[in-house]
Structures are given as C-alpha cells and as structure tokens.
Amino acid sequence: MFPKNCWYVACTPDELTTGPLGRQVCGEKMVFFRNLEGHVKAVEDFCPHRGAPLSLGFVENGNLVCGYHGLAMGGDGKTVSMPGQRVRGFSCNKTFAAVERYGFIWVWPGDQAKADPALIHHLEWAVSDKWAYGGGLYHIQCDYRLMVDNLMDLTHETYVHASSIGQKEIDEVAPVTSVEGDVVTTARHMENIAAPPFWRMALRGNGLADDVPVDRWQICRFTPPSHVLIEVGVAHAGKGGYHAAPEHKAASIVVDFITPETETSIWYFWGMARSFNPQDQALTDSIREGQGTIFSEDLEMLERQQRNLLDNPQRQLLKLNIDAGGVQARKVIDRMLAAEQLAGQAQ
Amino acid sequence: MFPKNCWYVACTPDELTTGPLGRQVCGEKMVFFRNLEGHVKAVEDFCPHRGAPLSLGFVENGNLVCGYHGLAMGGDGKTVSMPGQRVRGFSCNKTFAAVERYGFIWVWPGDQAKADPALIHHLEWAVSDKWAYGGGLYHIQCDYRLMVDNLMDLTHETYVHASSIGQKEIDEVAPVTSVEGDVVTTARHMENIAAPPFWRMALRGNGLADDVPVDRWQICRFTPPSHVLIEVGVAHAGKGGYHAAPEHKAASIVVDFITPETETSIWYFWGMARSFNPQDQALTDSIREGQGTIFSEDLEMLERQQRNLLDNPQRQLLKLNIDAGGVQARKVIDRMLAAEQLAGQAQ
Amino acid sequence: MFPKNCWYVACTPDELTTGPLGRQVCGEKMVFFRNLEGHVKAVEDFCPHRGAPLSLGFVENGNLVCGYHGLAMGGDGKTVSMPGQRVRGFSCNKTFAAVERYGFIWVWPGDQAKADPALIHHLEWAVSDKWAYGGGLYHIQCDYRLMVDNLMDLTHETYVHASSIGQKEIDEVAPVTSVEGDVVTTARHMENIAAPPFWRMALRGNGLADDVPVDRWQICRFTPPSHVLIEVGVAHAGKGGYHAAPEHKAASIVVDFITPETETSIWYFWGMARSFNPQDQALTDSIREGQGTIFSEDLEMLERQQRNLLDNPQRQLLKLNIDAGGVQARKVIDRMLAAEQLAGQAQ
C-alpha cells in the first residue's frame, strides 16, 4: 500500500543520458526519455503494437522508438509514426507527469489530473551554490515503510554502522518526536562526546580538529510520501551545537528519497548535502563513497527483516519511544491512503 | 496452448551421442535415447521404481538404465530388467513416437495412434548434396507464437538486427501475405538497394561483387505446427531478383523449428540452408556463427515482450498489415487446437 | 509431514564459534547461540521489536543481541534489556530445547513440555576413544524421506557411486529387512568378492592387504525420527565376515542424521565413525574427503527425483523387496505422525 497521488523520485538525469530508461514506480512500469526540448517524459513501458517494452528502444527526434518494429511514440503517449503504417487509430499509452528539478526526475504515478509541480517541496541545498551534493541509488527488496522506520530511528547506527557513524551515545539519548501537519520530526542531541570515524573525517574536511569533544545532532524530518531529510552534524563542544557558527562545525543533510517499486521493493535514492567547502569535489566524492559503504550495511538487514515479516504475519511489532518517528510517519501515510481511497470511490 | 498431434523437432543427433537426453516438449517430460538398432526412442522421463529421472542414467544394450537403482527400460516403455527383481508387473511408461530425419529428431507429443511419419514434410535442402546446412539451438522464455510472429514479420530486422541484416528498405516495402490451406506465406521484394553486411559476406562467399546494388527478397513460409522456413537472398540488381540465375545471387533458406517446452518457453532450432558453395565447410561455419549472433539479439526482446504481456493481460495488441503473417499463422494454429479439442471430446 | 516431538540434529559446535547461527528446522526458524555457561540455547529467529532476524546480531554476556537496535534476549526467549527501554512487557519468543551431545547440537522443534534429553539414544562411537569420527553437512532440496529411502536401499551404490563403493554384487545379494519396535534394519552380506576402491583404501588404512578377496557387509539401521546408522565393512574372506577379529577387517559406521528444513528440503549431517586406527587424524581426513565426494553424488539425483515427484503427483511408486527398509521406516514415521496428530487433538 503506497500513496500514488504524490511526487516520487523516479531517477536521476545521468540515468537518461544514453537512451530511455525503464523503471517500475508504485507498480506502474514506466519508460522515461527526453523529448526534443529536453523535457523528461514518462509513458507506459509497453508498445501498443505487440507489447514489447519501449525501454528497449531508442530516442529519435524526441520520440521514443520501439526497438522491435519501429513504432515511434511521443511524450503524450500517442503514436507519432510507424514505418508503412497509418497510426491515427492506435490506442494511446498512459502517461505520467514528470518534472526535472533539484537534480532528480520526479514522477506522479497516480491520478494525472492532480499532478501539480508546485507540490514538490523546495530543496534549498539543491539550488544554492553554498551547498554541495553527492549521492547514489540502491535497489532493495523491502516495503518502503521499513526504510522510513530505519531512517526515523537512528539508534540502529549503533549496531548496523558501528564502525563509521554508530556510537553508544545514540542509544543513550532519547529522541524527541513531534508532528506538525504532515511533517514528522524526531530529534536527538548528544553533548560532549567523541566524534565517530565518519564525523572525524568530516571535521578534517572542514579544516577542524577531529580529536576534541563534540556536540552531535540528528534531526530527522519525514515528509510525505516517503522522504526523509536528516540534519546531521557535529560542532566542537560548547560552541552552540546545532546552532554553532559555521567555523565550529561540520554539518550536512542526509537525503533519502524512497520510491516504492512494488509492495516489497524500493528504489532508494540516498545522498548527502553539505554547506562546508561546497566547491571541494574531492571531498564530495569521498563523502559519497563513505556514505555509500555505510548505507549498504542496511540492505541485508532490511531485506531479511522483510522476509521475516512476510513469514510471520501473525506477529505484532513493538512501538517504542524510539519508534515514534516511524509510527507517526505511518499515520501520515495511512491518512494519505485513506484519502486516496475516498477520492477513488467518489469517482 | 499448443497443438500436440503433430511433429516437433525435439533435438539433434549430436545431443544423443554421450547418453540419454531429457527434454520437455509440449509440457511432456521425455527422455530420448538410441536402441540397439540405433533408432531413437522417447519415453517418459520418470523411473517407475522411485520416480528418478531416467535421463540421469545411461544406455546399455539399447535399453535405458536408471542411474539410481538400475531399472532397465526398453524403447517401448516396458521395464526389461532390474537387478534381483521380477519386472513383469511393472507399470509401463508412456512412449512418444520419434523419427530421425533431415538431421533432426522429431517427436509426436500427443495421441500416439495418430503419429504418422509421412506427415513430416519433405525438406529438400536436408537431403540434397546441392545444399549445405548449419544451425544451432536456443532456449527462450516465451510463448512459441511470439517467435512465429517474430519470423513472420521481418520488419523487426531493421531494429533488432540493425548492424547485420536490417536495413531501412525492409520497413518501406509492404509484405504480401497469402494463405493456402495451412500454409501461410508473407513475401517482400526490395529492388536496387545496397546489401547489408551479412549479405555482403554471403555475396563474397559465392564469389560475387558485394559493392553493387542488389535486389533482395524474403519469403516467409509458416507450416503447422510452428515451423517457419524463409527463402532469403540477394541478386545483383536487374538479374531477375529471386529468379536470377545462381551465378548472380546468394540465396538461402532460414530454417526455424520452434518447439514449445511449456506455455511460455521454447526450444528454438535455427539454421540456414544454402545452395551456393555447399562443399565449403568454412563458409558454413562462418554463416552459422553470424546467424547465431544475429538470432541471439532476439532473445531479450522476446523474453521481455513475454513478461510484459503476462503483466498486462488486459491490453489488446494491434494487428497491422505487417502482422498479417503472424495473424494468419495463429488462425491455422487455432484451427488445429479446436480440432484437437473436438477429437478429445469424441473419445 | 515430519514428526516434531523428537530430537533432530540442528548443527555442529563449529557452526557456533563466531556468533549466533540461524537455521530452519521442521519449518521453525530458529537461532542458536551459547549462553554465559556455554550452554546452547535456541529461540525464534525474530526480534520482538521490529522483526529483524536475531541471527544477524551477536552474543554479549551470554545474551543474543539484535544487530538492528540492540535488543538483548536471553536463552529463555525473554528480553533482558534494550538501550533506553523498559522491557518487562515485551512479548516472549518461543524457545526450543537444545542439547549438546555426541559432537552435535540436538533440538526438539515440537511440544517443549515433552522434550526429554534422555530420549536421545546413546552413540557409543561418539564417546569412546576407541572410535574416530569425521563428517560434514549438505543442504539438499528434497523430502527427508527420500534420503531415508536412499540410505535404506544401498543398491543405489552400484549406480550412483559406481567408481568408489558401488559394485555389481550389491545388486545381486538381496537384503534382509526386519523391524523391531521402531527400529528398522536391512542387512546385506556379500562373500568372497573384490573390494571396491573406497574399501581398498580403508584396508590399507588398517594395514591390511587390499588385493585379496573379502567378505563385505552393510547393516542399515533406521531409528526415529530420521536417523540412519549403517554398519559397513570388509574382512579378508573366510575370517568371519562381520564377526571377524579386528585385525582382519576394516569396519565403520556410516552416520546419517537427516533434519527436515521444510517439506522439501533437508540438512543432511553425514559422517563416518571407525574403530580402527582411531588416533590417525590423516586417515580421518582422507576418509571424510572421500565420503564427502561420494555422498555429493547423491545430491542431483535426490533433488531431481523430488522435482519429478512434485511434477507427477498421480504416479504410484513401486515398493520392491529392496525398498523394504524405506517402506518400513515410513511406517514408523507414519505412526509417529498419527500419534502427534492425536496428541494435538487431545489438547
């Protein structure tokens, strides 16, 4: 169960450089390509001629050409031409609103009449040159909500990421969770602790001593449908923590766009935006590499958790204080699902 | 849905050299082996003793010996012997009529009373020393009718085989489709065009200039249950095209025997018979290698098309003029299926 | 269908050296670990917090710590602690009686009230220093009863193990099967024959000539639920066969503990215990290596037999004299299943 009347990240521009891209989003098999103006279009990945996946074809003159028998389709889902054929009567493919913004391609898999690009929330770090961003993509066999849970309860860092960002103090400081409309925030502040390896690297990257006590923070923000942005950072202890001046801290935003593929699989776009030394590409690369390694440690856990849950449908899970972020996020999702169901019945 | 009262190619003699061969044909798991006289026999691939696959065994004195406990079965499905046992009461295995002819082993998976070797149609190229043949076998996860469609609409060459046998002119000349009894023919003649790479190689193989305009033809013939033989070739332009004298052309027959394994998988026996320089084994080898590469380009398309069709059962496919060959072939198949159903009810 | 109120071998101590071990036994997903006293404990492999497999975690202070968020569970299935949480109300995990004995970890997957370690039958070869043991573990996709059949009818050695322990004489001597309570015995004695390669190696290992005629025996004993111990050996011919004095023979016990994982897969613990030259570790190693190779020859046959049986549910198998051991063993198993069903209804 996933909301469909909302924007999800479908892919990144670098995935569209050599040809069309086939990708399933919320159960819909789509193909993405650029038209003559360079706009990204998304249509059903199904050739109306004989059912071949259009994503196996190529783009010509801004149209998607089927790689089997040459049917050419425009971004509006209408067949433009086919060798030796009149195509006026051909059935039209479903289309999906797609918007390229903030370095991502966003898609609206549900009711197309409701697709409003203004609903994509503003991402300052993606447009300001005071920020740098690096990230990647993982394909994971789990319900998207398990990944939301994961990111809204960072005590798992102590166990899953023990050698990089985990530390015992995360466990020991209870998070504070709050809900404002559809935004769920869960925050943790740790004071006067040793920085773990990843953050020592980040401190050095900002020209700061890495062997002194720090204050550390993690502020996870869930926004619908399944995005989690996490303000994270460390400041030299006693300089104001989260509010410390830039020259005393290394701060960044962990970016998590979680896109359901099926009920039990996701496309997970992860990354990190930082506001220190944004022009340092080598630092961007080394952070991305580090983050990629760290985040890959979650994969087996999530996939095995998913299988365990499928195998034990009768078991009730616990909802502890540390789970409050995920629990509240699911309430937001459940409201969206209920609203979509109502809207569907009204039609 | 596949007709079962007909001859399919099950395997080639080289697959039977080292021992028995297990192969599923039309949903029937069979094991093929040679008896003492060297005749190919086919029985159920199931040992009546404990259900082991007989194809894991070996052939001894013309009998098939189970590799588990030594039960020996004759080509008539009867147990001949088993160490320390009286075998008279053992239940008999199903048998399948098998005929070795034209370089292939043919099998009749349906009603054995109707299996008449005279129904295997004559293949002149397989018996005349004026012809040479080379071919191979692919295992593909698709309905056999998708492969029939593929071969009865060669406009796909322009897209799937762009670098070898495809050329834009295939698209531009409409094929002419005709039906005579159960034989469906779809033909295309292109005049005064450049030969694509594969045919330039073939022209050179026949000692002909490869850089002059040619006339090219493709005459696809479907015969039940699922065989497609395609007369193909090029002649120096203006020499009569298909009817040109042998010294002006390079002509051959593409051989396609498509054998259903299950509803969504096939054994695809492909090859090429040619009537020029038949004694030139190196040419045979180089044609087979080229054809093998070209035909492998269809695999992903067919398997992905199959999955797309299974995922979208509600979608209607188009039936264009270029699809007429496949459409007519399916009508023949449907008549066979209806006849088999009637015959089954009458029993 | 497998009896659950009985002891199965779950694992060996070397599988528990680096951390907890997840293993499914009789459909129950369990995790095995050692508590502070070094006793092996088994609990459900499911974290009551969020459903992660506990087997992905680690052992600390004799408790099993979940690798996701640090819940610590004792061997009694109760949550001992979790960072920042009161755990008194946490639901308790199922536990499974586990006993370490004879070099194996035994588990009782069924009604825990009935788990009595005294029901594990004595294994003299495992406790006496007059014996040496070496073995291994295979994971096989077949019903456990197919493996029981395999081991209770050694005529398959002639076919499956032709190059090592098989010989034509096994086929030619009928076995004698007897039942005493729940113990099924099937015995074969071959006189004045040539020793096959494996046994020539064993004769040499006991300092005996390997090129003289021998008497050979195979005495298979099935005990519930699915254990087959086989007394095997050869003696120089005319020295009394099975009863020959130790200096004239090479004798051992083939050990087979077959543990159902699912209805169609098993954990197969195989090994060999011998009473000659028990201190010779090199001989133990070479026997284990030889046996491992020989027993791996059964895998494909069993897995393909299993698939054949699933594909042909309507086919009746034969029950010949050579199958008597397996047939009688299944009768014992059927009685156990019926008793468990009755006991279940009575509750």
# chains A, B, ... in the order shown; residues from 1 in each chain; ligands from 1

$ interface_residues --of "chain C" --to "chain A" --cutoff "9 Å" --atoms "only C-alpha atoms" --output "list in words"
Asp45, Phe46, Cys47, Pro48, His49, Arg50, Gly51, Ala52, Pro53, Leu56, Gly57, Cys66, Gly67, Tyr68, His69, Gly70, Pro83, Gly84, Gln85, Phe90 and Ser91 of chain C

$ select_by_dssp --residues "stretch 138-310 of chain B" --states "alpha helix (DSSP H)" --output "PyMOL selection string"
chain B and resi 144-152+157-160+168-172+197-205+281-310

$ residues_around --residues "B:Lys4" --least-positions-apart "6" --cutoff "8 Å" --atoms "only C-alpha atoms" --output "list of chain:residue names"
B:Cys26, B:Trp108, B:Pro109, B:Gly110, B:Asp111, B:Glu340

$ write_last_selection --atoms "N, CA and C atoms" --output "short mmCIF file (atom, residue, chain, number, x, y, z; two decimals), in the first residue's frame"
data_model
loop_
_atom_site.label_atom_id
_atom_site.label_comp_id
_atom_site.auth_asym_id
_atom_site.auth_seq_id
_atom_site.Cartn_x
_atom_site.Cartn_y
_atom_site.Cartn_z
N CYS B 26 6.16 -29.70 -25.21
CA CYS B 26 4.71 -29.51 -25.03
C CYS B 26 4.26 -29.99 -23.65
N TRP B 108 6.32 -36.77 -31.59
CA TRP B 108 4.87 -36.54 -31.64
C TRP B 108 4.36 -36.59 -30.19
N PRO B 109 4.13 -35.45 -29.57
CA PRO B 109 3.82 -35.47 -28.13
C PRO B 109 2.38 -35.85 -27.79
N GLY B 110 1.47 -35.89 -28.78
CA GLY B 110 0.05 -36.08 -28.50
C GLY B 110 -0.42 -37.52 -28.59
N ASP B 111 -1.55 -37.70 -29.24
CA ASP B 111 -2.18 -39.02 -29.37
C ASP B 111 -1.29 -39.90 -30.25
N GLU B 340 -8.22 -30.56 -32.17
CA GLU B 340 -7.74 -31.48 -31.14
C GLU B 340 -8.71 -31.55 -29.97
#

$ residues_around --residues "A:Arg23" --least-positions-apart "5" --cutoff "9 Å" --atoms "only C-alpha atoms" --output "PyMOL selection string"
chain A and resi 10-11+28-32+45+55+261

$ residues_around --residues "A:Val179" --least-positions-apart "4" --cutoff "12 Å" --atoms "only C-alpha atoms" --output "JSON, numbers by chain"
{"A": [183, 184, 185, 186, 187, 220, 221, 222, 223, 324, 325, 326, 327, 328, 329, 330, 331, 332]}

$ residues_around --residues "B:Val254" --least-positions-apart "4" --cutoff "7 Å" --atoms "only C-alpha atoms" --output "ChimeraX atom specification"
/B:229-231,271-273

$ residues_around --residues "stretch 263-270 of chain C" --least-positions-apart "2" --cutoff "7 Å" --atoms "only C-alpha atoms" --output "list of chain:residue names"
C:Met1, C:Gly135, C:Gly136, C:Leu137, C:Tyr138, C:His139, C:Ile140, C:Gln141, C:Cys142, C:Asp143, C:Tyr144, C:Val255, C:Asp256, C:Phe257, C:Ile258, C:Thr259, C:Pro260, C:Glu261

$ write_last_selection --atoms "N, CA and C atoms" --output "PDB file, in the first residue's frame"
ATOM      1  N   MET C   1       5.311 -33.399   5.818  1.00  0.00           N
ATOM      2  CA  MET C   1       4.908 -34.018   7.073  1.00  0.00           C
ATOM      3  C   MET C   1       6.122 -34.623   7.780  1.00  0.00           C
ATOM      4  N   GLY C 135      33.008 -35.915   9.606  1.00  0.00           N
ATOM      5  CA  GLY C 135      31.761 -35.792   8.830  1.00  0.00           C
ATOM      6  C   GLY C 135      31.572 -34.403   8.284  1.00  0.00           C
ATOM      7  N   GLY C 136      30.406 -34.168   7.708  1.00  0.00           N
ATOM      8  CA  GLY C 136      30.114 -32.872   7.094  1.00  0.00           C
ATOM      9  C   GLY C 136      28.612 -32.646   6.990  1.00  0.00           C
ATOM     10  N   LEU C 137      28.249 -31.606   6.298  1.00  0.00           N
ATOM     11  CA  LEU C 137      26.849 -31.186   6.213  1.00  0.00           C
ATOM     12  C   LEU C 137      26.507 -30.805   4.783  1.00  0.00           C
ATOM     13  N   TYR C 138      25.396 -31.332   4.280  1.00  0.00           N
ATOM     14  CA  TYR C 138      24.888 -30.926   2.968  1.00  0.00           C
ATOM     15  C   TYR C 138      23.467 -30.387   3.109  1.00  0.00           C
ATOM     16  N   HIS C 139      23.145 -29.399   2.315  1.00  0.00           N
ATOM     17  CA  HIS C 139      21.807 -28.826   2.270  1.00  0.00           C
ATOM     18  C   HIS C 139      21.178 -29.302   0.968  1.00  0.00           C
ATOM     19  N   ILE C 140      20.099 -30.062   1.062  1.00  0.00           N
ATOM     20  CA  ILE C 140      19.559 -30.720  -0.132  1.00  0.00           C
ATOM     21  C   ILE C 140      18.078 -30.405  -0.280  1.00  0.00           C
ATOM     22  N   GLN C 141      17.661 -30.144  -1.485  1.00  0.00           N
ATOM     23  CA  GLN C 141      16.269 -29.804  -1.760  1.00  0.00           C
ATOM     24  C   GLN C 141      15.453 -31.075  -2.005  1.00  0.00           C
ATOM     25  N   CYS C 142      15.162 -31.809  -0.942  1.00  0.00           N
ATOM     26  CA  CYS C 142      14.294 -32.986  -1.092  1.00  0.00           C
ATOM     27  C   CYS C 142      13.619 -33.293   0.231  1.00  0.00           C
ATOM     28  N   ASP C 143      12.516 -33.983   0.140  1.00  0.00           N
ATOM     29  CA  ASP C 143      11.804 -34.515   1.303  1.00  0.00           C
ATOM     30  C   ASP C 143      12.773 -35.416   2.074  1.00  0.00           C
ATOM     31  N   TYR C 144      12.767 -35.313   3.405  1.00  0.00           N
ATOM     32  CA  TYR C 144      13.720 -36.104   4.195  1.00  0.00           C
ATOM     33  C   TYR C 144      13.523 -37.601   3.988  1.00  0.00           C
ATOM     34  N   VAL C 255      27.251 -42.596   9.399  1.00  0.00           N
ATOM     35  CA  VAL C 255      26.329 -41.851  10.258  1.00  0.00           C
ATOM     36  C   VAL C 255      25.518 -40.882   9.391  1.00  0.00           C
ATOM     37  N   ASP C 256      24.192 -40.951   9.500  1.00  0.00           N
ATOM     38  CA  ASP C 256      23.322 -40.083   8.705  1.00  0.00           C
ATOM     39  C   ASP C 256      22.233 -39.519   9.589  1.00  0.00           C
ATOM     40  N   PHE C 257      22.361 -38.237   9.925  1.00  0.00           N
ATOM     41  CA  PHE C 257      21.296 -37.549  10.648  1.00  0.00           C
ATOM     42  C   PHE C 257      20.621 -36.608   9.662  1.00  0.00           C
ATOM     43  N   ILE C 258      19.348 -36.853   9.422  1.00  0.00           N
ATOM     44  CA  ILE C 258      18.618 -36.131   8.378  1.00  0.00           C
ATOM     45  C   ILE C 258      17.602 -35.228   9.062  1.00  0.00           C
ATOM     46  N   THR C 259      17.779 -33.944   8.899  1.00  0.00           N
ATOM     47  CA  THR C 259      16.916 -32.993   9.593  1.00  0.00           C
ATOM     48  C   THR C 259      16.077 -32.223   8.586  1.00  0.00           C
ATOM     49  N   PRO C 260      14.740 -32.360   8.656  1.00  0.00           N
ATOM     50  CA  PRO C 260      13.891 -31.609   7.720  1.00  0.00           C
ATOM     51  C   PRO C 260      14.044 -30.111   7.964  1.00  0.00           C
ATOM     52  N   GLU C 261      14.199 -29.364   6.907  1.00  0.00           N
ATOM     53  CA  GLU C 261      14.167 -27.903   6.997  1.00  0.00           C
ATOM     54  C   GLU C 261      12.749 -27.460   6.657  1.00  0.00           C
TER      55      GLU C 261
END

$ select_by_dssp --residues "stretch 35-135 of chain B" --states "strand (DSSP E)" --output "PDB file with N, CA, C and O atoms, in the first residue's frame"
ATOM      1  N   VAL B  40      16.019 -43.904 -32.566  1.00  0.00           N
ATOM      2  CA  VAL B  40      15.771 -43.048 -31.414  1.00  0.00           C
ATOM      3  C   VAL B  40      14.423 -43.398 -30.781  1.00  0.00           C
ATOM      4  O   VAL B  40      13.421 -43.561 -31.483  1.00  0.00           O
ATOM      5  N   LYS B  41      14.412 -43.517 -29.495  1.00  0.00           N
ATOM      6  CA  LYS B  41      13.203 -43.818 -28.748  1.00  0.00           C
ATOM      7  C   LYS B  41      12.964 -42.703 -27.728  1.00  0.00           C
ATOM      8  O   LYS B  41      13.919 -42.078 -27.254  1.00  0.00           O
ATOM      9  N   ALA B  42      11.706 -42.462 -27.412  1.00  0.00           N
ATOM     10  CA  ALA B  42      11.373 -41.443 -26.418  1.00  0.00           C
ATOM     11  C   ALA B  42      10.339 -41.999 -25.459  1.00  0.00           C
ATOM     12  O   ALA B  42       9.300 -42.518 -25.886  1.00  0.00           O
ATOM     13  N   VAL B  43      10.643 -41.939 -24.168  1.00  0.00           N
ATOM     14  CA  VAL B  43       9.705 -42.401 -23.143  1.00  0.00           C
ATOM     15  C   VAL B  43       9.616 -41.322 -22.062  1.00  0.00           C
ATOM     16  O   VAL B  43      10.423 -40.401 -22.009  1.00  0.00           O
ATOM     17  N   GLU B  44       8.613 -41.456 -21.225  1.00  0.00           N
ATOM     18  CA  GLU B  44       8.505 -40.542 -20.076  1.00  0.00           C
ATOM     19  C   GLU B  44       9.789 -40.555 -19.267  1.00  0.00           C
ATOM     20  O   GLU B  44      10.322 -41.626 -18.980  1.00  0.00           O
ATOM     21  N   PHE B  58      21.923 -44.150 -18.052  1.00  0.00           N
ATOM     22  CA  PHE B  58      22.787 -44.431 -19.203  1.00  0.00           C
ATOM     23  C   PHE B  58      22.110 -45.469 -20.096  1.00  0.00           C
ATOM     24  O   PHE B  58      21.063 -46.030 -19.727  1.00  0.00           O
ATOM     25  N   VAL B  59      22.685 -45.677 -21.277  1.00  0.00           N
ATOM     26  CA  VAL B  59      22.129 -46.637 -22.224  1.00  0.00           C
ATOM     27  C   VAL B  59      23.018 -47.874 -22.240  1.00  0.00           C
ATOM     28  O   VAL B  59      24.248 -47.766 -22.322  1.00  0.00           O
ATOM     29  N   GLU B  60      22.382 -49.044 -22.122  1.00  0.00           N
ATOM     30  CA  GLU B  60      23.142 -50.288 -22.134  1.00  0.00           C
ATOM     31  C   GLU B  60      22.359 -51.312 -22.936  1.00  0.00           C
ATOM     32  O   GLU B  60      21.175 -51.534 -22.640  1.00  0.00           O
ATOM     33  N   ASN B  63      18.953 -50.423 -24.046  1.00  0.00           N
ATOM     34  CA  ASN B  63      17.942 -50.058 -23.063  1.00  0.00           C
ATOM     35  C   ASN B  63      18.428 -48.863 -22.238  1.00  0.00           C
ATOM     36  O   ASN B  63      19.627 -48.599 -22.140  1.00  0.00           O
ATOM     37  N   LEU B  64      17.455 -48.191 -21.677  1.00  0.00           N
ATOM     38  CA  LEU B  64      17.746 -47.037 -20.844  1.00  0.00           C
ATOM     39  C   LEU B  64      17.829 -47.541 -19.404  1.00  0.00           C
ATOM     40  O   LEU B  64      16.865 -48.121 -18.892  1.00  0.00           O
ATOM     41  N   VAL B  65      18.970 -47.356 -18.762  1.00  0.00           N
ATOM     42  CA  VAL B  65      19.154 -47.867 -17.406  1.00  0.00           C
ATOM     43  C   VAL B  65      19.084 -46.707 -16.422  1.00  0.00           C
ATOM     44  O   VAL B  65      19.797 -45.708 -16.563  1.00  0.00           O
ATOM     45  N   ALA B  72      16.074 -51.222 -15.991  1.00  0.00           N
ATOM     46  CA  ALA B  72      16.361 -51.038 -17.418  1.00  0.00           C
ATOM     47  C   ALA B  72      15.058 -51.023 -18.200  1.00  0.00           C
ATOM     48  O   ALA B  72      14.221 -51.920 -18.054  1.00  0.00           O
ATOM     49  N   MET B  73      14.864 -49.989 -19.001  1.00  0.00           N
ATOM     50  CA  MET B  73      13.623 -49.827 -19.753  1.00  0.00           C
ATOM     51  C   MET B  73      13.903 -49.841 -21.247  1.00  0.00           C
ATOM     52  O   MET B  73      14.891 -49.257 -21.707  1.00  0.00           O
ATOM     53  N   THR B  79       9.596 -52.158 -18.610  1.00  0.00           N
ATOM     54  CA  THR B  79      10.813 -52.477 -17.874  1.00  0.00           C
ATOM     55  C   THR B  79      11.317 -53.832 -18.348  1.00  0.00           C
ATOM     56  O   THR B  79      10.583 -54.827 -18.341  1.00  0.00           O
ATOM     57  N   VAL B  80      12.562 -53.858 -18.765  1.00  0.00           N
ATOM     58  CA  VAL B  80      13.174 -55.069 -19.289  1.00  0.00           C
ATOM     59  C   VAL B  80      13.755 -55.895 -18.145  1.00  0.00           C
ATOM     60  O   VAL B  80      13.646 -57.120 -18.118  1.00  0.00           O
ATOM     61  N   SER B  81      14.364 -55.216 -17.215  1.00  0.00           N
ATOM     62  CA  SER B  81      15.020 -55.935 -16.117  1.00  0.00           C
ATOM     63  C   SER B  81      15.337 -54.975 -14.998  1.00  0.00           C
ATOM     64  O   SER B  81      15.341 -53.750 -15.174  1.00  0.00           O
ATOM     65  N   THR B  95       5.097 -43.705 -24.041  1.00  0.00           N
ATOM     66  CA  THR B  95       6.133 -43.558 -25.070  1.00  0.00           C
ATOM     67  C   THR B  95       5.681 -42.500 -26.058  1.00  0.00           C
ATOM     68  O   THR B  95       4.492 -42.183 -26.165  1.00  0.00           O
ATOM     69  N   PHE B  96       6.647 -41.977 -26.772  1.00  0.00           N
ATOM     70  CA  PHE B  96       6.364 -40.942 -27.755  1.00  0.00           C
ATOM     71  C   PHE B  96       7.039 -41.328 -29.065  1.00  0.00           C
ATOM     72  O   PHE B  96       8.233 -41.647 -29.079  1.00  0.00           O
ATOM     73  N   ALA B  97       6.266 -41.303 -30.137  1.00  0.00           N
ATOM     74  CA  ALA B  97       6.841 -41.625 -31.438  1.00  0.00           C
ATOM     75  C   ALA B  97       7.963 -40.644 -31.749  1.00  0.00           C
ATOM     76  O   ALA B  97       7.796 -39.433 -31.596  1.00  0.00           O
ATOM     77  N   ALA B  98       9.091 -41.194 -32.155  1.00  0.00           N
ATOM     78  CA  ALA B  98      10.240 -40.363 -32.502  1.00  0.00           C
ATOM     79  C   ALA B  98      10.801 -40.833 -33.835  1.00  0.00           C
ATOM     80  O   ALA B  98      10.863 -42.035 -34.093  1.00  0.00           O
ATOM     81  N   VAL B  99      11.155 -39.902 -34.673  1.00  0.00           N
ATOM     82  CA  VAL B  99      11.677 -40.215 -36.006  1.00  0.00           C
ATOM     83  C   VAL B  99      12.925 -39.370 -36.239  1.00  0.00           C
ATOM     84  O   VAL B  99      12.919 -38.173 -35.958  1.00  0.00           O
ATOM     85  N   GLU B 100      13.972 -40.031 -36.727  1.00  0.00           N
ATOM     86  CA  GLU B 100      15.181 -39.280 -37.079  1.00  0.00           C
ATOM     87  C   GLU B 100      15.150 -39.033 -38.582  1.00  0.00           C
ATOM     88  O   GLU B 100      15.130 -39.975 -39.382  1.00  0.00           O
ATOM     89  N   ARG B 101      15.105 -37.768 -38.953  1.00  0.00           N
ATOM     90  CA  ARG B 101      15.014 -37.453 -40.383  1.00  0.00           C
ATOM     91  C   ARG B 101      15.518 -36.028 -40.614  1.00  0.00           C
ATOM     92  O   ARG B 101      15.268 -35.153 -39.803  1.00  0.00           O
ATOM     93  N   PHE B 104      17.399 -34.114 -37.875  1.00  0.00           N
ATOM     94  CA  PHE B 104      16.737 -33.773 -36.605  1.00  0.00           C
ATOM     95  C   PHE B 104      16.034 -35.006 -36.044  1.00  0.00           C
ATOM     96  O   PHE B 104      15.728 -35.942 -36.784  1.00  0.00           O
ATOM     97  N   ILE B 105      15.752 -34.974 -34.739  1.00  0.00           N
ATOM     98  CA  ILE B 105      14.887 -35.986 -34.133  1.00  0.00           C
ATOM     99  C   ILE B 105      13.523 -35.322 -33.953  1.00  0.00           C
ATOM    100  O   ILE B 105      13.402 -34.295 -33.281  1.00  0.00           O
ATOM    101  N   TRP B 106      12.502 -35.912 -34.562  1.00  0.00           N
ATOM    102  CA  TRP B 106      11.150 -35.376 -34.482  1.00  0.00           C
ATOM    103  C   TRP B 106      10.338 -36.194 -33.483  1.00  0.00           C
ATOM    104  O   TRP B 106      10.495 -37.395 -33.401  1.00  0.00           O
ATOM    105  N   VAL B 107       9.465 -35.541 -32.764  1.00  0.00           N
ATOM    106  CA  VAL B 107       8.662 -36.258 -31.779  1.00  0.00           C
ATOM    107  C   VAL B 107       7.205 -35.838 -31.920  1.00  0.00           C
ATOM    108  O   VAL B 107       6.890 -34.704 -32.324  1.00  0.00           O
ATOM    109  N   TRP B 108       6.321 -36.765 -31.586  1.00  0.00           N
ATOM    110  CA  TRP B 108       4.873 -36.544 -31.640  1.00  0.00           C
ATOM    111  C   TRP B 108       4.365 -36.592 -30.194  1.00  0.00           C
ATOM    112  O   TRP B 108       4.182 -37.664 -29.625  1.00  0.00           O
ATOM    113  N   ALA B 132      23.950 -27.026 -48.310  1.00  0.00           N
ATOM    114  CA  ALA B 132      24.689 -27.178 -47.057  1.00  0.00           C
ATOM    115  C   ALA B 132      23.827 -26.585 -45.944  1.00  0.00           C
ATOM    116  O   ALA B 132      23.039 -25.667 -46.180  1.00  0.00           O
ATOM    117  N   TYR B 133      23.992 -27.119 -44.729  1.00  0.00           N
ATOM    118  CA  TYR B 133      23.180 -26.636 -43.608  1.00  0.00           C
ATOM    119  C   TYR B 133      24.041 -26.461 -42.358  1.00  0.00           C
ATOM    120  O   TYR B 133      24.899 -27.292 -42.057  1.00  0.00           O
ATOM    121  N   GLY B 134      23.795 -25.402 -41.629  1.00  0.00           N
ATOM    122  CA  GLY B 134      24.400 -25.204 -40.316  1.00  0.00           C
ATOM    123  C   GLY B 134      23.380 -24.537 -39.412  1.00  0.00           C
ATOM    124  O   GLY B 134      22.581 -23.722 -39.882  1.00  0.00           O
ATOM    125  N   GLY B 135      23.400 -24.895 -38.154  1.00  0.00           N
ATOM    126  CA  GLY B 135      22.401 -24.290 -37.272  1.00  0.00           C
ATOM    127  C   GLY B 135      22.730 -24.479 -35.808  1.00  0.00           C
ATOM    128  O   GLY B 135      23.802 -24.980 -35.455  1.00  0.00           O
TER     129      GLY B 135
END

$ atom_distance --atom1 "atom CA of B:Ile287" --atom2 "atom CA of B:Arg145"
26.0 Å
